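Read through the structure below, which is laid out as structure tokens, and then see the notes.
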Amino acid sequence: MIQYSLSILPALLSGAKMTLAIFSLTVLGSIPLGLFLSLGLLAKFKPLNYLLNIYVWLMRGTPLLLQLIFIFYGLPVVGIVFNRFDAALLAFILNYAAYFAEIFRGGFQAVDGNQIEAAHVLGLTYPQTIRKIIVPQTVKIVLPSVGNEVINLIKDSSLVYVIGIGDLLRAGNVASARDVNLLPLVLVAIVYLLLTAICTGVLRQLERYYRYYR
Amino acid sequence: MFQLVNINQSFKGRRILTDLNLTVESGQILAIVGPSGAGKSTLLRLMSGLDQPDSGQFIIDGEAYEPSAAEKEGRIGVVFQDFRLFPHLSVLENVTLAPKMVKKMAKATAQTAGQQLLTQLGLANQSSAYPFQLSGGQRQRVAIARALAMQPEILCYDEPTSALDPSLVESVAQLILDLKKREMTQIVVTHDIQFAHKIADQIFELQPNEV
């Protein structure tokens with residue numbers, strides 16, 4: 001059994017590499033985009049709020065799987081063609097940015113507004129107040145929700161199989177079907193669990209760090 | 001000398017301040033008293049630039065002053081009723097943030113000045129603590145230090161006794177009188193007439209407007 005596991009390990013690891021690539025690039029792309037969108041959601045400019053609310057509604061209101069299919073198979077109909085990896089990344093970043101935008105919007109609104117007045121009286125400009133007072137406190141507020149999404153993303157990344165990308169789950173699936181053996185899928189589960197455990201650990205440390213104030 | 005000239009302010013169609021005139025001599029303490037709803041807080045918000053009056057003028061030492069202007073550079077400091085410290089910053093960081101960001105003071109200079117202020121206010125050992133670790137009285141003194149760090153010409157207090165234990169009222173009065181010795185012009189908004197008499201050179205009674 002150990003020998004068999006070792007024999008399929010290279011395939012699983014190369015799948016895991018793809019899973020990690022999609023995961024990390026999505027995190028890197030969707031968190032800044034979500035931050036940007038949340039500022040738009042909070043802007044006192046109705047048309048922009050309206051537009052962004054529709055965006056969030058579309059992204060959260062349809063399955064990510066459908067969005068993947070649409071971007072990879074649908075957009076070429078109107079002449080927009082992405083390769084598989086770019087299409088997957090685009091779908092994931094657009095989708096997760098919508099969730100992050102809503103999380104950040106709530107986080108910003110949860111910071112005590114009276115402090116903004118205190119900063120204003122001290123003479124701080126609005127950008128300084130955002131940078132020094134609001135954002136640092138928002139990080140602490142949103143950390144648990146962001147963590148939830150990040151852990152979701154590890155497993156959501158397996159949806160890329162639908163456009164033919166060889167990620168971890170697909171590698172396990174292929175091996176399992178070829179060898180008529182469930183062991184590859186057990187190994188896949190273990191790898192996902194390990195990834196999740198690492199993420200959870202990092203998030204715990206971050207939360208612990210932010211416990212220095214209340 | 002700080003003057004308020006013909007200040008008018010309405011809120012949601014209700015007149016709150018009508019042709020208000022007030023003068024505070026430099027280095028003196030003015031207490032503004034009056035029942036709730038008389039416009040004490042409104043007046044404080046105008047002086048600190050959080051709101052703009054419908055009409056009227058503020059004058060510091062003979063020159064027109066616009067509290068809500070962006071480049072006001074903290075000439076009027078405010079100690080809020082609920083202190084409004086920044087919870088994610090240490091006591092010293094609370095005090096040095098504005099001097100660093102607004103006055104562009106070097107970090108070391110701001111820290112030395114801040115530490116000195118904290119020592120004067122009896123907070124020498126609290127400089128690396130966070131607001132949640134402090135008592136109400138200590139928080140108030142941090143708020144005062146934070147305002148003083150901007151070297152304001154006028155320091156305003158919103159109900160400085162209301163969030164405190166009654167036993168601390170005496171020490172707040174002492175603190176305000178100590179600052180007077182250093183020639184700080186102070187304006188204290190309070191509903192506590194006794195407290196006002198204890199500290200003030202001049203008491204201004206704000207009457208609620210007739211509806």
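Letters A, B, ... mark the chains of the structure tokens in the order given; residue numbers begin at 1 per chain; ligand numbers begin at 1, in order shown.
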- Task: Pull out every residue of chain A sitting within 12 Å of chain B, counting only C-alpha atoms, and send them as a ChimeraX atom specification.
- Result: /A:111-129,131-141,209-214
- Mind listing the strand (DSSP E) residues of segment 2-211 of chain B, per DSSP on the backbone, as a ChimeraX atom specification? /B:2-11,14-24,29-33,55-60,63-65,76-79,154-158,185-189,202-205
- Message: Could you pull out the alpha helix (DSSP H) residues of chain B, going by DSSP on the backbone, and write them as a VMD selection string?
- Response: chain B and resid 40 to 47 91 to 101 107 to 120 136 to 148 169 to 181 193 to 199
- Task: Find the residues near segment 24-33 of chain A: any atom within 8 Å, counting only C-alpha atoms, skip ones fewer than 6 places away on the same chain, and give them as a list in words.
- Result: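 These residues fall inside the cut-off: Leu89, Phe92, Ile93, Leu94, Tyr96, Ala97, Phe100, Ala101 and Val150 of chain A.
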Write out the residues from the selection above, keeping N, CA, C and O atoms, as a short mmCIF file (atom, residue, chain, number, x, y, z; two decimals), in the first residue's frame.
```cif
data_model
loop_
_atom_site.label_atom_id
_atom_site.label_comp_id
_atom_site.auth_asym_id
_atom_site.auth_seq_id
_atom_site.Cartn_x
_atom_site.Cartn_y
_atom_site.Cartn_z
N LEU A 89 -8.43 31.65 -13.05
CA LEU A 89 -8.00 32.72 -12.15
C LEU A 89 -8.97 33.89 -12.18
O LEU A 89 -9.37 34.43 -11.13
N PHE A 92 -12.19 33.01 -10.35
CA PHE A 92 -12.01 32.95 -8.89
C PHE A 92 -11.81 34.33 -8.28
O PHE A 92 -12.38 34.65 -7.24
N ILE A 93 -10.98 35.14 -8.95
CA ILE A 93 -10.70 36.47 -8.38
C ILE A 93 -11.99 37.31 -8.39
O ILE A 93 -12.33 37.94 -7.38
N LEU A 94 -12.71 37.30 -9.51
CA LEU A 94 -13.94 38.10 -9.58
C LEU A 94 -14.95 37.63 -8.53
O LEU A 94 -15.59 38.43 -7.87
N TYR A 96 -14.40 35.78 -5.64
CA TYR A 96 -14.00 35.99 -4.24
C TYR A 96 -13.92 37.47 -3.87
O TYR A 96 -14.17 37.85 -2.73
N ALA A 97 -13.57 38.31 -4.85
CA ALA A 97 -13.52 39.75 -4.56
C ALA A 97 -14.89 40.26 -4.11
O ALA A 97 -14.98 41.14 -3.25
N PHE A 100 -15.20 39.31 -0.48
CA PHE A 100 -14.30 40.13 0.33
C PHE A 100 -14.82 41.57 0.42
O PHE A 100 -14.71 42.22 1.46
N ALA A 101 -15.37 42.07 -0.69
CA ALA A 101 -15.89 43.45 -0.69
C ALA A 101 -16.94 43.61 0.40
O ALA A 101 -16.93 44.58 1.15
N VAL A 150 -10.93 32.18 2.96
CA VAL A 150 -9.66 31.64 2.48
C VAL A 150 -9.68 30.11 2.56
O VAL A 150 -9.24 29.41 1.65
#
```
- Find the spatial neighbours of Ile8 of chain A, counting only C-alpha atoms, within a cut-off of 10 Å - ignore same-chain residues fewer than 4 positions away - and output them as a list in words.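 The filter keeps Gln3, Tyr4, Leu12, Leu13, Ala171, Gly172, Ala175, Ser176, Leu183, Pro184 and Leu187 of chain A.
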Would you output that residue set with C-alpha atoms, as a short mmCIF file (atom, residue, chain, number, x, y, z; two decimals), in the first residue's frame?
```
data_model
loop_
_atom_site.label_atom_id
_atom_site.label_comp_id
_atom_site.auth_asym_id
_atom_site.auth_seq_id
_atom_site.Cartn_x
_atom_site.Cartn_y
_atom_site.Cartn_z
CA GLN A 3 4.56 1.50 -2.39
CA TYR A 4 1.39 2.24 -4.31
CA LEU A 12 -0.77 14.15 -6.68
CA LEU A 13 1.98 16.63 -5.84
CA ALA A 171 -5.08 13.97 -10.16
CA GLY A 172 -6.59 11.80 -7.44
CA ALA A 175 -5.49 7.68 -10.43
CA SER A 176 -8.51 6.29 -8.66
CA LEU A 183 -6.62 5.16 -1.82
CA PRO A 184 -5.71 8.09 -4.13
CA LEU A 187 -4.56 10.77 0.00
#
```
- Do a neighbour search on segment 48-62 of chain A at 8 Å with only C-alpha atoms, toss out local chain neighbours closer than 5 positions, and write the hits as a list in words.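 Close residues of segment 48-62 of chain A: Leu37, Gly40, Leu41, Leu42, Ala43, Gln67, Leu94, Asn95, Ala98 and Tyr99 of chain A.
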Selection above as a file: all heavy atoms, as a short mmCIF file (atom, residue, chain, number, x, y, z; two decimals), in the first residue's frame:
```cif
data_model
loop_
_atom_site.label_atom_id
_atom_site.label_comp_id
_atom_site.auth_asym_id
_atom_site.auth_seq_id
_atom_site.Cartn_x
_atom_site.Cartn_y
_atom_site.Cartn_z
N LEU A 37 -13.22 47.44 -4.08
CA LEU A 37 -14.67 47.42 -4.31
C LEU A 37 -15.43 47.87 -3.07
O LEU A 37 -16.45 48.56 -3.17
CB LEU A 37 -15.13 46.01 -4.71
CG LEU A 37 -14.64 45.49 -6.06
CD1 LEU A 37 -15.09 44.04 -6.26
CD2 LEU A 37 -15.14 46.35 -7.20
N GLY A 40 -15.72 51.42 -2.91
CA GLY A 40 -16.77 51.85 -3.84
C GLY A 40 -18.16 51.66 -3.28
O GLY A 40 -19.04 52.48 -3.47
N LEU A 41 -18.34 50.56 -2.56
CA LEU A 41 -19.65 50.29 -1.93
C LEU A 41 -19.97 51.35 -0.88
O LEU A 41 -21.13 51.68 -0.64
CB LEU A 41 -19.66 48.91 -1.27
CG LEU A 41 -19.81 47.70 -2.19
CD1 LEU A 41 -19.49 46.43 -1.43
CD2 LEU A 41 -21.20 47.62 -2.78
N LEU A 42 -18.92 51.88 -0.23
CA LEU A 42 -19.12 52.86 0.84
C LEU A 42 -19.11 54.29 0.33
O LEU A 42 -19.49 55.20 1.05
CB LEU A 42 -18.01 52.70 1.89
CG LEU A 42 -18.09 51.43 2.74
CD1 LEU A 42 -16.82 51.25 3.54
CD2 LEU A 42 -19.29 51.50 3.68
N ALA A 43 -18.67 54.49 -0.92
CA ALA A 43 -18.58 55.85 -1.46
C ALA A 43 -19.97 56.47 -1.50
O ALA A 43 -20.97 55.78 -1.70
CB ALA A 43 -17.97 55.81 -2.86
N GLN A 67 -19.90 30.29 -13.30
CA GLN A 67 -19.08 31.43 -13.71
C GLN A 67 -17.83 30.95 -14.44
O GLN A 67 -17.41 31.53 -15.44
CB GLN A 67 -18.71 32.28 -12.50
CG GLN A 67 -19.92 32.97 -11.87
CD GLN A 67 -19.63 33.48 -10.46
OE1 GLN A 67 -18.47 33.61 -10.07
NE2 GLN A 67 -20.68 33.75 -9.71
N LEU A 94 -12.71 37.30 -9.51
CA LEU A 94 -13.94 38.10 -9.58
C LEU A 94 -14.95 37.63 -8.53
O LEU A 94 -15.59 38.43 -7.87
CB LEU A 94 -14.57 38.01 -10.98
CG LEU A 94 -13.80 38.71 -12.10
CD1 LEU A 94 -14.53 38.56 -13.43
CD2 LEU A 94 -13.59 40.19 -11.77
N ASN A 95 -15.07 36.32 -8.38
CA ASN A 95 -16.03 35.78 -7.43
C ASN A 95 -15.64 36.09 -5.99
O ASN A 95 -16.43 36.62 -5.21
CB ASN A 95 -16.14 34.26 -7.64
CG ASN A 95 -17.14 33.63 -6.70
OD1 ASN A 95 -16.82 33.31 -5.55
ND2 ASN A 95 -18.38 33.45 -7.16
N ALA A 98 -15.96 39.69 -4.66
CA ALA A 98 -17.30 40.12 -4.26
C ALA A 98 -17.56 39.79 -2.79
O ALA A 98 -18.08 40.62 -2.04
CB ALA A 98 -18.36 39.44 -5.15
N TYR A 99 -17.16 38.59 -2.38
CA TYR A 99 -17.33 38.22 -0.96
C TYR A 99 -16.46 39.12 -0.07
O TYR A 99 -16.92 39.60 0.96
CB TYR A 99 -16.96 36.75 -0.74
CG TYR A 99 -18.01 35.79 -1.25
CD1 TYR A 99 -17.95 35.29 -2.54
CD2 TYR A 99 -19.07 35.40 -0.44
CE1 TYR A 99 -18.92 34.43 -3.02
CE2 TYR A 99 -20.05 34.53 -0.90
CZ TYR A 99 -19.96 34.04 -2.19
OH TYR A 99 -20.92 33.19 -2.66
#
```
- Rounded to one decimal in Å, what is the spacing between atom CA of Ile7 of chain B and atom CA of Gln57 of chain B?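 Those two atoms sit 6.5 Å apart.
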- Can you work out the spacing between atom CA of Pro160 of chain B and atom CA of Thr42 of chain B in Å, to one decimal?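 Computing it gives 16.0 Å between the two atoms.
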- Item | Neighbour list for Gly147 of chain A as a ChimeraX atom specification, cut-off 9 Å, only C-alpha atoms, skip fewer than 6 positions in-chain | /A:199-200,203
- Message: Env of Gln202 of chain B: 7 Å cut, atoms = only C-alpha atoms, seq-sep filter 3 positions within chain, self excluded. Answer as a ChimeraX atom specification.
- Response: /B:29-31
- Task: May I ask for the distance between atom CA of Lys107 of chain B and atom CA of Leu179 of chain B, given in Å to one decimal place?
- Result: 25.4 Å
